[in-house]
Amino acid sequence: MLPVAKARLSVGVAALDGDDWGVEVYGDASTYDTASIVKVNILAALLLKVQDEDRKLTIREHTYATAMIEHSDNDSADALWRKIGRAEGLDAANKRLGLTSTKGGKGMHWGLTQTTAEDQLILLRAAFAEDSATASSGTPPELSQPSRAYIQRLMSRTEAEQDWGVSAAAGSGWALKNGWLPRTKTGLWDINSVGRVTIDGRRYLIAVLSDGHASMESGISLVEKTAKEAIATVRGR
């Protein structure tokens with residue numbers, strides 16, 4: 001017998017192209033477990049560390065990063081979580097990136113990092129915005145152009161079986177990271193999806209966070225339906 005679903009959901013959308021950085025957030029704006037979407041955050045923190053040390057990724061770091069994003073490999077995430085200094089390192093990186101409501105998970109529980117849809121959009125913008133989009137601030141972006149290109153490339157190559165979530169709202173292209181986690185105490189699922197979608201030549205950043213699903217399948221269905229509706233709402237304005 002399936003547990004009784006108590007689904008909760010938050011979605012954030014922002015247009016990546018153009019001069020106006022307007023974020024639309026719908027639903028419950030409180031924090032959610034990240035599950036595996038935190039792997040993008042771990043990668044961003046690693047790349048900041050590499051930049052600070054004025055070096056390139058090692059072969060091992062590159063191997064871990066590729067497996068972590070493209071295949072959502074948890075062992076690779078464990079290794080890089082340790083490399084960045086666990087929650088303390090993640091929180092320090094997020095302070096630089098402008099995230100204000102994200103808190104790293106305790107110990108090795110990176111999947112229990114807490115975040116909001118708005119913070120996920122801030123992280124996505126740090127990874128996907130062009131230099132020209134941040135020039136007006138008078139300060140260079142924290143993530144260098146090569147670092148941003150690296151994140152974008154890996155998120156565009158996630159394995160076929162993980163092509164679900166925000167990609168359902170895409171037209172001509174997408175780059176994403178999904179997260180899914182069954183909670184032991186409740187038997188209910190966290191289902192999240194974040195990324196960039198391209199529709200009719202315009203690019204949008206979107207983050208859908210949710211929990212309380214009776215099954216992974218029902219959670220994915222709701223996340224995809226929500227992503228489509230949120231993008232349609234923003235495009236219709």
# chains A, B, ... in the order shown; residues from 1 in each chain; ligands from 1
$ residues_around --residues "Ser147 in chain A" --least-positions-apart "4" --cutoff "8 Å" --atoms "only C-alpha atoms" --output "PyMOL selection string"
chain A and resi 44+47+127+143+151
$ closest_atom_pairs --of "range 141-217 of chain A" --to "range 16-39 of chain A" --cutoff "10 Å" --atoms "only C-alpha atoms" --output "JSON lines"
{"residue": "A:Leu176", "atom": "CA", "partner": "A:Ile37", "partner_atom": "CA", "distance": 8.9}
{"residue": "A:Lys177", "atom": "CA", "partner": "A:Ile37", "partner_atom": "CA", "distance": 5.6}
{"residue": "A:Asn178", "atom": "CA", "partner": "A:Ile37", "partner_atom": "CA", "distance": 5.5}
{"residue": "A:Gly179", "atom": "CA", "partner": "A:Ser36", "partner_atom": "CA", "distance": 4.1}
{"residue": "A:Trp180", "atom": "CA", "partner": "A:Ala35", "partner_atom": "CA", "distance": 5.8}
{"residue": "A:Leu181", "atom": "CA", "partner": "A:Ala35", "partner_atom": "CA", "distance": 5.8}
{"residue": "A:Pro182", "atom": "CA", "partner": "A:Ala35", "partner_atom": "CA", "distance": 9.4}
{"residue": "A:Asp190", "atom": "CA", "partner": "A:Asp33", "partner_atom": "CA", "distance": 7.1}
{"residue": "A:Ile191", "atom": "CA", "partner": "A:Ala35", "partner_atom": "CA", "distance": 7.9}
{"residue": "A:Asn192", "atom": "CA", "partner": "A:Ile37", "partner_atom": "CA", "distance": 7.0}
{"residue": "A:Ser193", "atom": "CA", "partner": "A:Ile37", "partner_atom": "CA", "distance": 6.9}
{"residue": "A:Val194", "atom": "CA", "partner": "A:Ile37", "partner_atom": "CA", "distance": 7.0}
{"residue": "A:Gly195", "atom": "CA", "partner": "A:Ile37", "partner_atom": "CA", "distance": 9.6}
{"residue": "A:Arg196", "atom": "CA", "partner": "A:Leu16", "partner_atom": "CA", "distance": 8.5}
{"residue": "A:Val197", "atom": "CA", "partner": "A:Leu16", "partner_atom": "CA", "distance": 9.6}
{"residue": "A:Thr198", "atom": "CA", "partner": "A:Leu16", "partner_atom": "CA", "distance": 9.7}
{"residue": "A:Gly201", "atom": "CA", "partner": "A:Asp17", "partner_atom": "CA", "distance": 9.7}
{"residue": "A:Arg202", "atom": "CA", "partner": "A:Asp17", "partner_atom": "CA", "distance": 6.6}
{"residue": "A:Arg203", "atom": "CA", "partner": "A:Leu16", "partner_atom": "CA", "distance": 5.4}
{"residue": "A:Tyr204", "atom": "CA", "partner": "A:Leu16", "partner_atom": "CA", "distance": 5.1}
{"residue": "A:Leu205", "atom": "CA", "partner": "A:Leu16", "partner_atom": "CA", "distance": 6.3}
{"residue": "A:Ile206", "atom": "CA", "partner": "A:Glu24", "partner_atom": "CA", "distance": 9.5}
{"residue": "A:Ala207", "atom": "CA", "partner": "A:Val25", "partner_atom": "CA", "distance": 9.2}
{"residue": "A:Val208", "atom": "CA", "partner": "A:Tyr26", "partner_atom": "CA", "distance": 9.6}
{"residue": "A:Leu209", "atom": "CA", "partner": "A:Tyr32", "partner_atom": "CA", "distance": 6.7}
{"residue": "A:Ser210", "atom": "CA", "partner": "A:Tyr32", "partner_atom": "CA", "distance": 7.1}
{"residue": "A:Asp211", "atom": "CA", "partner": "A:Tyr32", "partner_atom": "CA", "distance": 7.5}
$ write_last_selection --atoms "N, CA and C atoms" --output "PDB file, in the first residue's frame"
ATOM      1  N   LEU A 176      20.054  20.191 -18.039  1.00  0.00           N
ATOM      2  CA  LEU A 176      19.349  20.016 -16.768  1.00  0.00           C
ATOM      3  C   LEU A 176      20.092  19.133 -15.786  1.00  0.00           C
ATOM      4  N   LYS A 177      19.594  19.142 -14.576  1.00  0.00           N
ATOM      5  CA  LYS A 177      19.972  18.169 -13.542  1.00  0.00           C
ATOM      6  C   LYS A 177      18.732  17.864 -12.735  1.00  0.00           C
ATOM      7  N   ASN A 178      18.445  16.589 -12.576  1.00  0.00           N
ATOM      8  CA  ASN A 178      17.293  16.148 -11.801  1.00  0.00           C
ATOM      9  C   ASN A 178      17.717  15.591 -10.448  1.00  0.00           C
ATOM     10  N   GLY A 179      16.764  15.543  -9.535  1.00  0.00           N
ATOM     11  CA  GLY A 179      17.010  14.964  -8.223  1.00  0.00           C
ATOM     12  C   GLY A 179      15.801  14.171  -7.772  1.00  0.00           C
ATOM     13  N   TRP A 180      16.042  13.011  -7.179  1.00  0.00           N
ATOM     14  CA  TRP A 180      14.936  12.180  -6.694  1.00  0.00           C
ATOM     15  C   TRP A 180      15.399  11.454  -5.445  1.00  0.00           C
ATOM     16  N   LEU A 181      14.548  11.426  -4.448  1.00  0.00           N
ATOM     17  CA  LEU A 181      14.956  10.862  -3.163  1.00  0.00           C
ATOM     18  C   LEU A 181      13.751  10.349  -2.390  1.00  0.00           C
ATOM     19  N   PRO A 182      13.691   9.045  -2.109  1.00  0.00           N
ATOM     20  CA  PRO A 182      12.621   8.519  -1.259  1.00  0.00           C
ATOM     21  C   PRO A 182      12.995   8.758   0.207  1.00  0.00           C
ATOM     22  N   ASP A 190      10.958  13.017  -2.782  1.00  0.00           N
ATOM     23  CA  ASP A 190      11.361  14.345  -3.241  1.00  0.00           C
ATOM     24  C   ASP A 190      11.660  14.213  -4.732  1.00  0.00           C
ATOM     25  N   ILE A 191      11.103  15.102  -5.546  1.00  0.00           N
ATOM     26  CA  ILE A 191      11.378  15.097  -6.987  1.00  0.00           C
ATOM     27  C   ILE A 191      11.665  16.541  -7.419  1.00  0.00           C
ATOM     28  N   ASN A 192      12.882  16.768  -7.927  1.00  0.00           N
ATOM     29  CA  ASN A 192      13.302  18.112  -8.324  1.00  0.00           C
ATOM     30  C   ASN A 192      13.893  18.110  -9.724  1.00  0.00           C
ATOM     31  N   SER A 193      13.819  19.240 -10.394  1.00  0.00           N
ATOM     32  CA  SER A 193      14.443  19.373 -11.706  1.00  0.00           C
ATOM     33  C   SER A 193      14.792  20.840 -11.932  1.00  0.00           C
ATOM     34  N   VAL A 194      16.032  21.085 -12.368  1.00  0.00           N
ATOM     35  CA  VAL A 194      16.489  22.462 -12.614  1.00  0.00           C
ATOM     36  C   VAL A 194      17.250  22.498 -13.925  1.00  0.00           C
ATOM     37  N   GLY A 195      17.224  23.649 -14.595  1.00  0.00           N
ATOM     38  CA  GLY A 195      18.020  23.758 -15.813  1.00  0.00           C
ATOM     39  C   GLY A 195      17.617  24.915 -16.693  1.00  0.00           C
ATOM     40  N   ARG A 196      18.136  24.851 -17.906  1.00  0.00           N
ATOM     41  CA  ARG A 196      17.851  25.857 -18.938  1.00  0.00           C
ATOM     42  C   ARG A 196      17.091  25.194 -20.069  1.00  0.00           C
ATOM     43  N   VAL A 197      16.044  25.857 -20.545  1.00  0.00           N
ATOM     44  CA  VAL A 197      15.301  25.365 -21.697  1.00  0.00           C
ATOM     45  C   VAL A 197      15.275  26.447 -22.767  1.00  0.00           C
ATOM     46  N   THR A 198      15.268  26.022 -24.006  1.00  0.00           N
ATOM     47  CA  THR A 198      15.223  26.950 -25.139  1.00  0.00           C
ATOM     48  C   THR A 198      13.946  26.709 -25.917  1.00  0.00           C
ATOM     49  N   GLY A 201      14.019  29.990 -29.845  1.00  0.00           N
ATOM     50  CA  GLY A 201      15.223  30.802 -29.820  1.00  0.00           C
ATOM     51  C   GLY A 201      15.459  31.584 -28.546  1.00  0.00           C
ATOM     52  N   ARG A 202      14.536  31.532 -27.606  1.00  0.00           N
ATOM     53  CA  ARG A 202      14.700  32.238 -26.338  1.00  0.00           C
ATOM     54  C   ARG A 202      14.995  31.238 -25.232  1.00  0.00           C
ATOM     55  N   ARG A 203      15.859  31.657 -24.302  1.00  0.00           N
ATOM     56  CA  ARG A 203      16.313  30.759 -23.246  1.00  0.00           C
ATOM     57  C   ARG A 203      15.719  31.171 -21.900  1.00  0.00           C
ATOM     58  N   TYR A 204      15.324  30.157 -21.155  1.00  0.00           N
ATOM     59  CA  TYR A 204      14.732  30.372 -19.833  1.00  0.00           C
ATOM     60  C   TYR A 204      15.417  29.460 -18.813  1.00  0.00           C
ATOM     61  N   LEU A 205      15.547  29.973 -17.607  1.00  0.00           N
ATOM     62  CA  LEU A 205      16.016  29.162 -16.494  1.00  0.00           C
ATOM     63  C   LEU A 205      14.804  28.754 -15.679  1.00  0.00           C
ATOM     64  N   ILE A 206      14.786  27.518 -15.234  1.00  0.00           N
ATOM     65  CA  ILE A 206      13.620  27.048 -14.490  1.00  0.00           C
ATOM     66  C   ILE A 206      14.059  26.057 -13.411  1.00  0.00           C
ATOM     67  N   ALA A 207      13.435  26.181 -12.254  1.00  0.00           N
ATOM     68  CA  ALA A 207      13.699  25.277 -11.132  1.00  0.00           C
ATOM     69  C   ALA A 207      12.363  24.824 -10.569  1.00  0.00           C
ATOM     70  N   VAL A 208      12.152  23.527 -10.530  1.00  0.00           N
ATOM     71  CA  VAL A 208      10.938  22.961  -9.933  1.00  0.00           C
ATOM     72  C   VAL A 208      11.365  22.069  -8.769  1.00  0.00           C
ATOM     73  N   LEU A 209      10.932  22.440  -7.566  1.00  0.00           N
ATOM     74  CA  LEU A 209      11.242  21.676  -6.360  1.00  0.00           C
ATOM     75  C   LEU A 209       9.944  21.112  -5.797  1.00  0.00           C
ATOM     76  N   SER A 210       9.989  19.865  -5.346  1.00  0.00           N
ATOM     77  CA  SER A 210       8.753  19.282  -4.807  1.00  0.00           C
ATOM     78  C   SER A 210       9.075  18.128  -3.865  1.00  0.00           C
ATOM     79  N   ASP A 211       8.120  17.839  -2.992  1.00  0.00           N
ATOM     80  CA  ASP A 211       8.250  16.689  -2.103  1.00  0.00           C
ATOM     81  C   ASP A 211       6.864  16.160  -1.757  1.00  0.00           C
TER      82      ASP A 211
END
$ atom_distance --atom1 "CA of Val50 in chain A" --atom2 "CA of Glu159 in chain A"
25.9 Å
$ closest_residue --among "A:Ala93, A:Leu222, A:Ala227, A:Ala214" --to "Val4 in chain A" --atoms "only C-alpha atoms"
A:Ala214
$ residues_around --residues "range 115-120 of chain A" --least-positions-apart "2" --cutoff "6 Å" --atoms "only C-alpha atoms" --output "compact mmCIF listing (two decimals) with all heavy atoms, in the first residue's frame"
# COMPACT_ATOMS: atom_id res chain seq x y z
N VAL A 11 8.03 26.50 -7.88
CA VAL A 11 8.66 26.63 -9.20
C VAL A 11 9.11 28.07 -9.41
O VAL A 11 8.40 29.02 -9.08
CB VAL A 11 7.69 26.19 -10.33
CG1 VAL A 11 6.39 26.97 -10.27
CG2 VAL A 11 8.36 26.34 -11.69
N GLY A 12 10.32 28.21 -9.95
CA GLY A 12 10.85 29.53 -10.28
C GLY A 12 11.25 29.56 -11.74
O GLY A 12 11.79 28.58 -12.27
N THR A 31 11.98 26.14 2.08
CA THR A 31 13.08 25.30 1.61
C THR A 31 12.66 23.86 1.36
O THR A 31 11.69 23.36 1.95
CB THR A 31 14.25 25.32 2.61
OG1 THR A 31 13.80 24.80 3.86
CG2 THR A 31 14.79 26.73 2.79
N TYR A 32 13.42 23.21 0.48
CA TYR A 32 13.20 21.82 0.10
C TYR A 32 14.52 21.08 0.15
O TYR A 32 15.59 21.67 -0.01
CB TYR A 32 12.67 21.73 -1.34
CG TYR A 32 11.26 22.22 -1.53
CD1 TYR A 32 10.97 23.59 -1.52
CD2 TYR A 32 10.21 21.33 -1.73
CE1 TYR A 32 9.67 24.05 -1.70
CE2 TYR A 32 8.91 21.78 -1.93
CZ TYR A 32 8.65 23.14 -1.90
OH TYR A 32 7.37 23.58 -2.08
N LEU A 99 23.66 33.04 -3.30
CA LEU A 99 22.56 32.25 -2.74
C LEU A 99 22.42 32.59 -1.26
O LEU A 99 23.42 32.62 -0.53
CB LEU A 99 22.83 30.76 -2.90
CG LEU A 99 22.60 30.15 -4.29
CD1 LEU A 99 23.61 30.66 -5.30
CD2 LEU A 99 22.65 28.62 -4.23
N SER A 101 19.52 31.36 0.78
CA SER A 101 18.61 30.47 1.52
C SER A 101 18.95 29.00 1.34
O SER A 101 18.09 28.14 1.51
CB SER A 101 17.17 30.73 1.07
OG SER A 101 16.80 32.07 1.28
N THR A 102 20.21 28.72 1.01
CA THR A 102 20.65 27.34 0.80
C THR A 102 21.64 26.97 1.89
O THR A 102 22.58 27.72 2.15
CB THR A 102 21.29 27.18 -0.59
OG1 THR A 102 20.31 27.51 -1.59
CG2 THR A 102 21.77 25.75 -0.81
N ILE A 122 19.29 31.60 -8.99
CA ILE A 122 20.51 32.38 -8.83
C ILE A 122 21.73 31.54 -9.21
O ILE A 122 22.64 32.01 -9.91
CB ILE A 122 20.63 32.90 -7.39
CG1 ILE A 122 19.54 33.93 -7.10
CG2 ILE A 122 22.01 33.52 -7.14
CD1 ILE A 122 19.41 34.32 -5.64
N LEU A 123 21.73 30.28 -8.78
CA LEU A 123 22.82 29.38 -9.13
C LEU A 123 22.85 29.14 -10.64
O LEU A 123 23.93 29.17 -11.26
CB LEU A 123 22.65 28.05 -8.39
CG LEU A 123 23.66 26.96 -8.72
CD1 LEU A 123 25.08 27.39 -8.38
CD2 LEU A 123 23.30 25.66 -8.00
N ALA A 207 13.44 26.18 -12.25
CA ALA A 207 13.70 25.28 -11.13
C ALA A 207 12.36 24.82 -10.57
O ALA A 207 11.53 25.66 -10.19
CB ALA A 207 14.51 25.98 -10.06
$ residues_around --residues "Gly104 in chain A" --least-positions-apart "4" --cutoff "8 Å" --atoms "only C-alpha atoms" --output "list in words"
Arg86, Ala87, Glu88, Leu90, Asp91, Trp110, Leu112, Thr113 and Gln114 of chain A
$ residues_around --residues "Glu161 in chain A" --least-positions-apart "3" --cutoff "10 Å" --atoms "only C-alpha atoms" --output "list in words"
His71, Thr158 and Trp164 of chain A
$ write_last_selection --atoms "N, CA, C and O atoms" --output "PDB file, in the first residue's frame"
ATOM      1  N   HIS A  71      25.707  11.227 -15.166  1.00  0.00           N
ATOM      2  CA  HIS A  71      25.113   9.951 -14.747  1.00  0.00           C
ATOM      3  C   HIS A  71      24.543   9.999 -13.328  1.00  0.00           C
ATOM      4  O   HIS A  71      24.066   8.990 -12.823  1.00  0.00           O
ATOM      5  N   THR A 158      23.354  14.905 -19.954  1.00  0.00           N
ATOM      6  CA  THR A 158      22.834  13.919 -19.014  1.00  0.00           C
ATOM      7  C   THR A 158      22.304  12.709 -19.772  1.00  0.00           C
ATOM      8  O   THR A 158      21.755  12.833 -20.866  1.00  0.00           O
ATOM      9  N   TRP A 164      14.087  13.864 -18.196  1.00  0.00           N
ATOM     10  CA  TRP A 164      12.732  14.152 -17.733  1.00  0.00           C
ATOM     11  C   TRP A 164      12.797  15.429 -16.902  1.00  0.00           C
ATOM     12  O   TRP A 164      13.862  15.990 -16.690  1.00  0.00           O
TER      13      TRP A 164
END
$ residues_around --residues "Glu61 in chain A" --least-positions-apart "4" --cutoff "8 Å" --atoms "only C-alpha atoms" --output "PyMOL selection string"
chain A and resi 57+65+80
$ write_last_selection --atoms "N, CA and C atoms" --output "compact mmCIF listing (two decimals), in the first residue's frame"
# COMPACT_ATOMS: atom_id res chain seq x y z
N LEU A 57 41.21 21.58 -13.61
CA LEU A 57 40.74 20.35 -12.98
C LEU A 57 41.74 19.22 -13.21
N ALA A 65 33.44 14.74 -11.84
CA ALA A 65 32.45 15.75 -12.22
C ALA A 65 31.56 15.24 -13.35
N LEU A 80 33.64 14.54 -4.39
CA LEU A 80 33.76 15.99 -4.61
C LEU A 80 33.19 16.79 -3.44
$ select_by_dssp --residues "range 64-213 of chain A" --states "strand (DSSP E or B)" --output "PyMOL selection string"
chain A and resi 103+114-115+173-182+189-199+202-211+213
$ atom_distance --atom1 "CA of Leu121 in chain A" --atom2 "CA of His109 in chain A"
22.4 Å
$ closest_residue --among "A:Val13, A:Ile84, A:Ala129, A:Leu154" --to "Val40 in chain A" --atoms "only C-alpha atoms"
A:Leu154
$ select_by_dssp --residues "range 82-214 of chain A" --states "helix (DSSP H, G or I)" --output "ChimeraX atom specification"
/A:82-84,86-97,110-112,117-128,131-137,145-155,160-162,166-169
$ write_last_selection --atoms "C-alpha atoms" --output "CSV table (one decimal), in the first residue's frame"
chain,number,residue,atom,x,y,z
A,82,ARG,CA,34.8,16.0,0.5
A,83,LYS,CA,37.0,17.9,-1.9
A,84,ILE,CA,35.1,21.2,-1.5
A,86,ARG,CA,31.4,19.4,2.6
A,87,ALA,CA,28.7,21.8,3.9
A,88,GLU,CA,31.1,24.5,5.0
A,89,GLY,CA,32.7,24.6,1.6
A,90,LEU,CA,29.4,24.6,-0.2
A,91,ASP,CA,28.0,27.4,2.0
A,92,ALA,CA,31.1,29.5,1.5
A,93,ALA,CA,30.9,29.1,-2.3
A,94,ASN,CA,27.2,30.0,-2.2
A,95,LYS,CA,27.9,33.2,-0.3
A,96,ARG,CA,30.1,34.3,-3.2
A,97,LEU,CA,27.5,33.2,-5.8
A,110,TRP,CA,24.7,16.4,0.6
A,111,GLY,CA,21.3,15.3,-0.7
A,112,LEU,CA,19.6,16.8,2.3
A,117,ALA,CA,13.5,27.7,-6.1
A,118,GLU,CA,14.8,31.3,-6.1
A,119,ASP,CA,18.2,30.3,-4.9
A,120,GLN,CA,18.4,27.6,-7.6
A,121,LEU,CA,17.7,30.3,-10.2
A,122,ILE,CA,20.5,32.4,-8.8
A,123,LEU,CA,22.8,29.4,-9.1
A,124,LEU,CA,21.6,28.7,-12.7
A,125,ARG,CA,22.2,32.3,-13.7
A,126,ALA,CA,25.7,32.1,-12.3
A,127,ALA,CA,26.3,29.1,-14.5
A,128,PHE,CA,24.5,30.1,-17.7
A,131,ASP,CA,29.6,38.0,-19.5
A,132,SER,CA,27.5,40.8,-21.1
A,133,ALA,CA,24.6,40.1,-18.8
A,134,THR,CA,26.6,40.8,-15.7
A,135,ALA,CA,28.7,43.7,-17.0
A,136,SER,CA,26.3,46.3,-15.6
A,137,SER,CA,27.1,45.2,-12.1
A,145,GLN,CA,33.7,31.8,-18.7
A,146,PRO,CA,35.5,28.4,-19.0
A,147,SER,CA,33.9,27.2,-15.7
A,148,ARG,CA,30.4,28.2,-16.9
A,149,ALA,CA,30.9,26.5,-20.3
A,150,TYR,CA,32.0,23.4,-18.4
A,151,ILE,CA,28.9,23.3,-16.3
A,152,GLN,CA,26.7,23.9,-19.3
A,153,ARG,CA,28.4,21.2,-21.3
A,154,LEU,CA,27.9,18.5,-18.6
A,155,MET,CA,24.3,19.5,-18.0
A,160,ALA,CA,18.9,9.5,-21.8
A,161,GLU,CA,17.1,7.8,-19.0
A,162,GLN,CA,17.3,11.1,-17.0
A,166,VAL,CA,12.2,20.6,-17.0
A,167,SER,CA,13.1,19.3,-20.4
A,168,ALA,CA,9.4,18.6,-20.9
A,169,ALA,CA,9.0,22.3,-21.3
$ decode --residues "range 152-172 of chain A" --atoms "N, CA and C atoms" --output "short mmCIF file (atom, residue, chain, number, x, y, z; two decimals), in the first residue's frame"
data_model
loop_
_atom_site.label_atom_id
_atom_site.label_comp_id
_atom_site.auth_asym_id
_atom_site.auth_seq_id
_atom_site.Cartn_x
_atom_site.Cartn_y
_atom_site.Cartn_z
N GLN A 152 27.71 23.99 -18.27
CA GLN A 152 26.69 23.91 -19.32
C GLN A 152 26.86 22.66 -20.16
N ARG A 153 28.10 22.34 -20.48
CA ARG A 153 28.36 21.17 -21.33
C ARG A 153 27.93 19.89 -20.62
N LEU A 154 28.28 19.74 -19.37
CA LEU A 154 27.90 18.52 -18.65
C LEU A 154 26.38 18.43 -18.47
N MET A 155 25.73 19.53 -18.17
CA MET A 155 24.27 19.51 -17.98
C MET A 155 23.53 19.27 -19.29
N SER A 156 24.21 19.47 -20.41
CA SER A 156 23.59 19.20 -21.72
C SER A 156 23.77 17.76 -22.15
N ARG A 157 24.53 16.99 -21.35
CA ARG A 157 24.85 15.61 -21.74
C ARG A 157 24.35 14.57 -20.75
N THR A 158 23.35 14.91 -19.95
CA THR A 158 22.83 13.92 -19.01
C THR A 158 22.30 12.71 -19.77
N GLU A 159 22.48 11.54 -19.19
CA GLU A 159 22.11 10.31 -19.89
C GLU A 159 20.63 10.27 -20.21
N ALA A 160 20.29 9.53 -21.27
CA ALA A 160 18.94 9.53 -21.83
C ALA A 160 17.86 9.18 -20.82
N GLU A 161 18.14 8.26 -19.92
CA GLU A 161 17.11 7.83 -18.97
C GLU A 161 16.78 8.91 -17.95
N GLN A 162 17.61 9.97 -17.89
CA GLN A 162 17.33 11.09 -16.99
C GLN A 162 16.81 12.30 -17.75
N ASP A 163 16.37 12.10 -18.98
CA ASP A 163 15.76 13.18 -19.76
C ASP A 163 14.30 13.31 -19.37
N TRP A 164 14.09 13.86 -18.20
CA TRP A 164 12.73 14.15 -17.73
C TRP A 164 12.80 15.43 -16.90
N GLY A 165 11.66 15.90 -16.46
CA GLY A 165 11.66 17.13 -15.66
C GLY A 165 11.50 18.36 -16.51
N VAL A 166 12.35 19.36 -16.31
CA VAL A 166 12.17 20.64 -17.00
C VAL A 166 12.34 20.51 -18.50
N SER A 167 12.99 19.46 -18.98
CA SER A 167 13.15 19.27 -20.43
C SER A 167 11.80 19.11 -21.11
N ALA A 168 10.77 18.74 -20.36
CA ALA A 168 9.43 18.58 -20.94
C ALA A 168 8.89 19.91 -21.45
N ALA A 169 9.42 21.02 -20.92
CA ALA A 169 8.96 22.34 -21.34
C ALA A 169 9.80 22.92 -22.46
N ALA A 170 10.86 22.22 -22.87
CA ALA A 170 11.78 22.75 -23.87
C ALA A 170 11.25 22.59 -25.28
N GLY A 171 11.78 23.43 -26.16
CA GLY A 171 11.48 23.32 -27.57
C GLY A 171 12.67 22.75 -28.31
N SER A 172 13.67 23.60 -28.54
CA SER A 172 14.82 23.19 -29.35
C SER A 172 16.03 22.73 -28.55
#
